[in-house]
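Visitor: One structure follows; several queries about it will come next.
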Amino acid sequence: MWRSPEPRFDVASAICQGGRDYQEDAIVTDFPFGMDSGVVVLADGMGGHAAGDVASKIVVTEVYSELKFQSANFADFEAEIPQYLTSSAVNANNVVREYVMAHPETRGMGATLVSLVLIENRMFWMSIGDSPLYHYRAGKMQQLNEDHSMAPQIDFMVKQGLMDPETGKNHPDRNCLTSVILGDRVAKSDCPKTPFELQVGDIVVVSSDGLQYLEDERIQKILHRYRRRKSAEICGHLLEAIEALADPDQDNCSFSVIKLNHNKPVIRAIRAKPVDYVETPTATTTRVVELDDDDSIAAKLRKDAASMQKAATGQGQPAAQPQAAPKEAAPKPVIKEVKPVQKVDDIDAQDKTEEVDEATPPAKVAAGGK
């Protein structure tokens with residue numbers, strides 16, 4: 001039985017509103033089957049209703065569109081991917097600034113950002129804010145990106161004994177961001193120049209901070225238990241854990257789970273065109289034709305069809321001439337003339353088309369006579 005080839009990446013996403021009145025997260029993934037690269041963009045909005053959701057949508061839209069535009073260059077210009085990630089974030093920040101200037105009532109809105117570009121087993125990323133990027137391998141989970149909030153400082157104070165663990169966990173400033181996209185200067189960003197190399201069986205989780213309502217040990221346990229399952233099933237178990245937690249303060253939560261199924265070398269059956277190749281129009285080339293030239297094109301098509309028919313019937317050779325009849329018995333040749341088609345209005349005001357002899361008087365035509 002024929003089986004379809006296994007894709008390099010197994011990707012699934014999930015999103016839930018939690019205990020909030022509105023959704024401020026936005027996420028998009030793009031891993032076309034047949035390609036060895038993919039893109040993930042996630043943004044967690046802030047600023048309240050009709051502001052945070054707008055900011056997250058702007059950031060995701062602008063970053064994804066820029067990365068999608070550059071996706072054809074990922075393989076040939078892999079070293080430039082960090083620059084693509086940075087420039088897309090700068091462009092998103094500029095668009096947020098323009099929106100706030102046009103809508104002053106949304107001042108203060110912003111969004112975090114986590115953007116990924118994966119090529120075969122190599123992962124580039126950029127992050128601004130506190131949305132985590134997790135990596136699981138061999139039973140251990142770690143956060144790859146830097147947390148741009150007050151949480152690391154509070155955790156450090158707890159570790160040094162300067163603060164009680166329970167107080168640090170529920171500190172009101174824990175979720176205060178130190179860097180975010182809000183149309184102003186971005187204080188800090190995380191964008192390594194070298195990619196992170198994945199291994200077969202690795203699991204990557206891109207999420208908003210709403211997933212951190214679960215303890216890291218709980219997330220790690222779920223990833224380990226279902227590491228051999230599909231990404232969609234892992235997403236389902238993470239959502240179930242959040243629902244089972246039933247925290248009334250549960251934040252919006254969105255995440256994407258990515259698994260590396262294999263790391264086989266790329267085999268391309270279609271030969272790539274040389275760099276200096278100049279394409280010339282061929283029968284398979286899509287072209288644009290001016291509407292004014294449709295008559296000439298139709299005439300050319302009719303001429304080509306007639307030539308093909310003539311070649312198929314007799315290869316262009318004249319047919320055998322019949323023997324001529326005696327001169328005295330030769331009939332007088334009859335010459336027929338094709339008359340033009342003239343549109344005639346009926347007396348019932350109905351449009352009809354008839355073949356009319358030019359010699360026929362108009363009165364007879366109008367009366368239907370012959």
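By order of appearance in the structure tokens: chains A, B, ..., then residues from 1 within every chain, and ligands from 1 in the order shown.
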Compile the contact shell of range 138-146 of chain A as number ranges by chain: residues with an atom at most 12 Å away, counting only C-alpha atoms, same-chain residues fewer than 6 positions apart removed.
Guide: A: 113-116, 123-132, 152, 177-179, 188-192, 195-196, 199-207, 212, 215-228
Visitor: Quick one: which range 19-69 of chain A residues come within 6 Å of range 83-102 of chain A, and what is the nearest atom pair for each with the distance in Å to one decimal, counting only C-alpha atoms, rows ordered by chain and ascending number, as CSV?
Guide:
```
residue,atom,partner,partner_atom,distance
A:Val59,CA,A:Ala92,CA,5.2
A:Glu62,CA,A:Ala92,CA,5.3
A:Val63,CA,A:Ser88,CA,4.8
A:Glu66,CA,A:Ser88,CA,5.7
```
Visitor: Pick out the residues sitting within 9 Å of range 230-232 of chain A, and hand them over as number ranges by chain; count only C-alpha atoms, and ignore anything fewer than 2 positions along from it in its own chain.
Guide: A: 10-14, 203, 226-228, 234-237, 256-259
Visitor: Could you save those same residues with all heavy atoms as a short mmCIF file (atom, residue, chain, number, x, y, z; two decimals), in the first residue's frame?
Guide:
```cif
data_model
loop_
_atom_site.label_atom_id
_atom_site.label_comp_id
_atom_site.auth_asym_id
_atom_site.auth_seq_id
_atom_site.Cartn_x
_atom_site.Cartn_y
_atom_site.Cartn_z
N ASP A 10 6.13 18.36 12.34
CA ASP A 10 4.76 18.11 12.78
C ASP A 10 4.36 19.29 13.65
O ASP A 10 4.91 19.50 14.74
CB ASP A 10 4.69 16.79 13.56
CG ASP A 10 3.30 16.52 14.11
OD1 ASP A 10 2.34 17.14 13.63
OD2 ASP A 10 3.18 15.69 15.03
N VAL A 11 3.39 20.09 13.18
CA VAL A 11 3.06 21.36 13.82
C VAL A 11 1.57 21.43 14.11
O VAL A 11 0.74 21.03 13.29
CB VAL A 11 3.47 22.55 12.93
CG1 VAL A 11 3.23 23.87 13.65
CG2 VAL A 11 4.91 22.44 12.49
N ALA A 12 1.24 21.91 15.29
CA ALA A 12 -0.16 22.15 15.67
C ALA A 12 -0.21 23.34 16.61
O ALA A 12 0.75 23.60 17.35
CB ALA A 12 -0.77 20.91 16.33
N SER A 13 -1.31 24.07 16.57
CA SER A 13 -1.48 25.26 17.41
C SER A 13 -2.78 25.20 18.16
O SER A 13 -3.73 24.50 17.77
CB SER A 13 -1.43 26.54 16.54
OG SER A 13 -0.20 26.64 15.86
N ALA A 14 -2.85 25.96 19.27
CA ALA A 14 -4.05 26.03 20.09
C ALA A 14 -4.15 27.42 20.69
O ALA A 14 -3.14 28.11 20.88
CB ALA A 14 -4.03 24.97 21.19
N ILE A 203 10.99 18.63 20.85
CA ILE A 203 9.71 19.33 20.85
C ILE A 203 9.95 20.79 21.19
O ILE A 203 10.63 21.11 22.17
CB ILE A 203 8.72 18.71 21.86
CG1 ILE A 203 8.50 17.23 21.56
CG2 ILE A 203 7.39 19.46 21.83
CD1 ILE A 203 7.60 16.55 22.58
N TYR A 226 3.73 12.42 26.45
CA TYR A 226 3.14 12.32 25.10
C TYR A 226 4.16 12.68 24.01
O TYR A 226 3.78 13.15 22.95
CB TYR A 226 1.92 13.22 25.01
CG TYR A 226 0.87 12.91 26.05
CD1 TYR A 226 0.73 13.74 27.19
CD2 TYR A 226 0.06 11.80 25.94
CE1 TYR A 226 -0.22 13.45 28.16
CE2 TYR A 226 -0.89 11.50 26.91
CZ TYR A 226 -1.02 12.34 28.02
OH TYR A 226 -1.96 12.04 28.98
N ARG A 227 5.43 12.46 24.30
CA ARG A 227 6.48 12.84 23.34
C ARG A 227 6.41 12.07 22.04
O ARG A 227 6.92 12.54 21.00
CB ARG A 227 7.86 12.64 23.99
CG ARG A 227 8.18 11.20 24.35
CD ARG A 227 9.45 11.12 25.20
NE ARG A 227 9.82 9.74 25.52
CZ ARG A 227 9.29 9.04 26.51
NH1 ARG A 227 8.35 9.58 27.27
NH2 ARG A 227 9.68 7.80 26.74
N ARG A 228 5.82 10.88 22.05
CA ARG A 228 5.73 10.07 20.83
C ARG A 228 4.38 10.26 20.12
O ARG A 228 4.14 9.61 19.11
CB ARG A 228 5.94 8.60 21.16
CG ARG A 228 7.34 8.27 21.63
CD ARG A 228 7.54 6.77 21.79
NE ARG A 228 8.92 6.46 22.16
CZ ARG A 228 9.37 6.38 23.41
NH1 ARG A 228 8.51 6.61 24.41
NH2 ARG A 228 10.61 6.09 23.67
N ILE A 234 -0.61 16.60 21.71
CA ILE A 234 0.10 17.30 22.80
C ILE A 234 -0.60 18.62 23.11
O ILE A 234 -0.76 18.98 24.29
CB ILE A 234 1.57 17.52 22.40
CG1 ILE A 234 2.28 16.18 22.21
CG2 ILE A 234 2.29 18.35 23.45
CD1 ILE A 234 3.71 16.31 21.73
N CYS A 235 -1.02 19.34 22.07
CA CYS A 235 -1.77 20.59 22.29
C CYS A 235 -3.04 20.33 23.10
O CYS A 235 -3.39 21.09 24.02
CB CYS A 235 -2.13 21.23 20.95
SG CYS A 235 -0.76 22.00 20.07
N GLY A 236 -3.74 19.25 22.76
CA GLY A 236 -4.96 18.93 23.48
C GLY A 236 -4.72 18.65 24.96
O GLY A 236 -5.49 19.11 25.82
N HIS A 237 -3.66 17.94 25.28
CA HIS A 237 -3.37 17.64 26.68
C HIS A 237 -2.94 18.90 27.45
O HIS A 237 -3.26 19.04 28.63
CB HIS A 237 -2.29 16.57 26.77
CG HIS A 237 -2.77 15.20 26.37
ND1 HIS A 237 -3.69 14.49 27.10
CD2 HIS A 237 -2.46 14.42 25.30
CE1 HIS A 237 -3.93 13.33 26.51
NE2 HIS A 237 -3.19 13.26 25.42
N SER A 256 2.03 27.01 20.12
CA SER A 256 2.25 26.13 18.97
C SER A 256 3.27 25.08 19.37
O SER A 256 4.30 25.40 19.98
CB SER A 256 2.73 26.92 17.75
OG SER A 256 2.96 26.07 16.65
N VAL A 257 2.99 23.82 19.03
CA VAL A 257 3.88 22.70 19.32
C VAL A 257 4.49 22.22 18.01
O VAL A 257 3.78 21.95 17.04
CB VAL A 257 3.12 21.55 20.01
CG1 VAL A 257 4.05 20.36 20.24
CG2 VAL A 257 2.53 22.02 21.33
N ILE A 258 5.83 22.13 18.00
CA ILE A 258 6.56 21.73 16.79
C ILE A 258 7.44 20.53 17.13
O ILE A 258 8.21 20.57 18.10
CB ILE A 258 7.44 22.89 16.27
CG1 ILE A 258 6.61 24.16 16.10
CG2 ILE A 258 8.13 22.51 14.96
CD1 ILE A 258 7.43 25.40 15.94
N LYS A 259 7.33 19.49 16.33
CA LYS A 259 8.16 18.30 16.49
C LYS A 259 8.97 18.07 15.22
O LYS A 259 8.46 18.25 14.11
CB LYS A 259 7.30 17.07 16.77
CG LYS A 259 6.58 17.07 18.11
CD LYS A 259 5.81 15.78 18.32
CE LYS A 259 6.75 14.59 18.38
NZ LYS A 259 6.02 13.32 18.60
#
```
Visitor: Based on the backbone DSSP call, show me all residues of range 65-287 of chain A assigned alpha helix (DSSP H), as number ranges by chain.
Guide: A: 65-70, 81-102, 151-159, 165-169, 216-225, 231-245
Visitor: Set the distance at 8 Å and use only C-alpha atoms: which residues neighbour His262 in chain A once local chain neighbours fewer than 3 positions away are removed? I'd like the list as number ranges by chain.
Guide: A: 7-9, 200
Visitor: When you draw a straight line from CA of Asp251 in chain A to CA of Leu133 in chain A, how long is it in Å?
Guide: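 Between these atoms lies a distance of 17.3 Å.
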Visitor: Quick one: everything within 8 Å of Ile242 in chain A, counting only C-alpha atoms, minus sequence neighbours fewer than 5 positions away in the same chain. Send it as an MDAnalysis selection string.
Guide: chainID A and resid 211 213:214
Visitor: Residues of range 236-310 of chain A within 9 Å of range 31-52 of chain A: nearest atom pair and distance (Å, one decimal) for each, counting only C-alpha atoms, sorted by chain and number, as JSON lines?
Guide:
```
{"residue": "A:Asn252", "atom": "CA", "partner": "A:Asp44", "partner_atom": "CA", "distance": 8.3}
{"residue": "A:Cys253", "atom": "CA", "partner": "A:Asp44", "partner_atom": "CA", "distance": 8.7}
{"residue": "A:Ser254", "atom": "CA", "partner": "A:Leu42", "partner_atom": "CA", "distance": 8.1}
{"residue": "A:Phe255", "atom": "CA", "partner": "A:Leu42", "partner_atom": "CA", "distance": 7.9}
{"residue": "A:Ser256", "atom": "CA", "partner": "A:Val40", "partner_atom": "CA", "distance": 8.1}
{"residue": "A:Val266", "atom": "CA", "partner": "A:Asp36", "partner_atom": "CA", "distance": 7.8}
```
Visitor: Mind dumping the selected residues with N, CA and C atoms as a compact mmCIF listing (two decimals), in the first residue's frame?
Guide:
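So result.txt came out as:
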```
# COMPACT_ATOMS: atom_id res chain seq x y z
N ASN A 252 -5.23 34.91 28.71
CA ASN A 252 -5.29 34.33 27.37
C ASN A 252 -4.09 33.41 27.17
N CYS A 253 -4.31 32.32 26.47
CA CYS A 253 -3.23 31.37 26.24
C CYS A 253 -3.24 30.92 24.79
N SER A 254 -2.12 31.05 24.13
CA SER A 254 -1.95 30.55 22.77
C SER A 254 -0.56 29.93 22.66
N PHE A 255 -0.47 28.86 21.93
CA PHE A 255 0.83 28.20 21.78
C PHE A 255 0.84 27.32 20.53
N SER A 256 2.03 27.01 20.12
CA SER A 256 2.25 26.13 18.97
C SER A 256 3.27 25.08 19.37
N VAL A 266 18.02 16.84 2.04
CA VAL A 266 17.07 17.33 1.04
C VAL A 266 17.43 16.73 -0.32
```
Visitor: Considering only C-alpha atoms, state which residue in the set A:Asp164, A:Asp53, A:Glu197, A:Glu105 is at the smallest distance from Ala26 in chain A.
Guide: A:Asp53
Visitor: Please compute the CA of Glu80 in chain A-CA of Gly183 in chain A distance, one decimal, in Å.
Guide: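 CA of Gly183 in chain A lies 24.7 Å from CA of Glu80 in chain A.
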Visitor: If you run DSSP over the backbone, which residues in range 226-316 of chain A end up strand (DSSP E)? Put them as a list in words.
Guide: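 The residues of range 226-316 of chain A classed as strand (DSSP E) are Cys253, Ser254, Phe255, Ser256, Val257, Ile258, Lys259 and Leu260 of chain A.
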Visitor: How would the residues just chosen look if you wrote them out with N, CA, C and O atoms as a compact mmCIF listing (two decimals), in the first residue's frame?
Guide:
```txt
# COMPACT_ATOMS: atom_id res chain seq x y z
N CYS A 253 -4.31 32.32 26.47
CA CYS A 253 -3.23 31.37 26.24
C CYS A 253 -3.24 30.92 24.79
O CYS A 253 -4.28 30.50 24.28
N SER A 254 -2.12 31.05 24.13
CA SER A 254 -1.95 30.55 22.77
C SER A 254 -0.56 29.93 22.66
O SER A 254 0.39 30.43 23.27
N PHE A 255 -0.47 28.86 21.93
CA PHE A 255 0.83 28.20 21.78
C PHE A 255 0.84 27.32 20.53
O PHE A 255 -0.22 26.97 19.99
N SER A 256 2.03 27.01 20.12
CA SER A 256 2.25 26.13 18.97
C SER A 256 3.27 25.08 19.37
O SER A 256 4.30 25.40 19.98
N VAL A 257 2.99 23.82 19.03
CA VAL A 257 3.88 22.70 19.32
C VAL A 257 4.49 22.22 18.01
O VAL A 257 3.78 21.95 17.04
N ILE A 258 5.83 22.13 18.00
CA ILE A 258 6.56 21.73 16.79
C ILE A 258 7.44 20.53 17.13
O ILE A 258 8.21 20.57 18.10
N LYS A 259 7.33 19.49 16.33
CA LYS A 259 8.16 18.30 16.49
C LYS A 259 8.97 18.07 15.22
O LYS A 259 8.46 18.25 14.11
N LEU A 260 10.24 17.67 15.40
CA LEU A 260 11.09 17.34 14.26
C LEU A 260 10.98 15.84 14.02
O LEU A 260 11.49 15.04 14.80
```
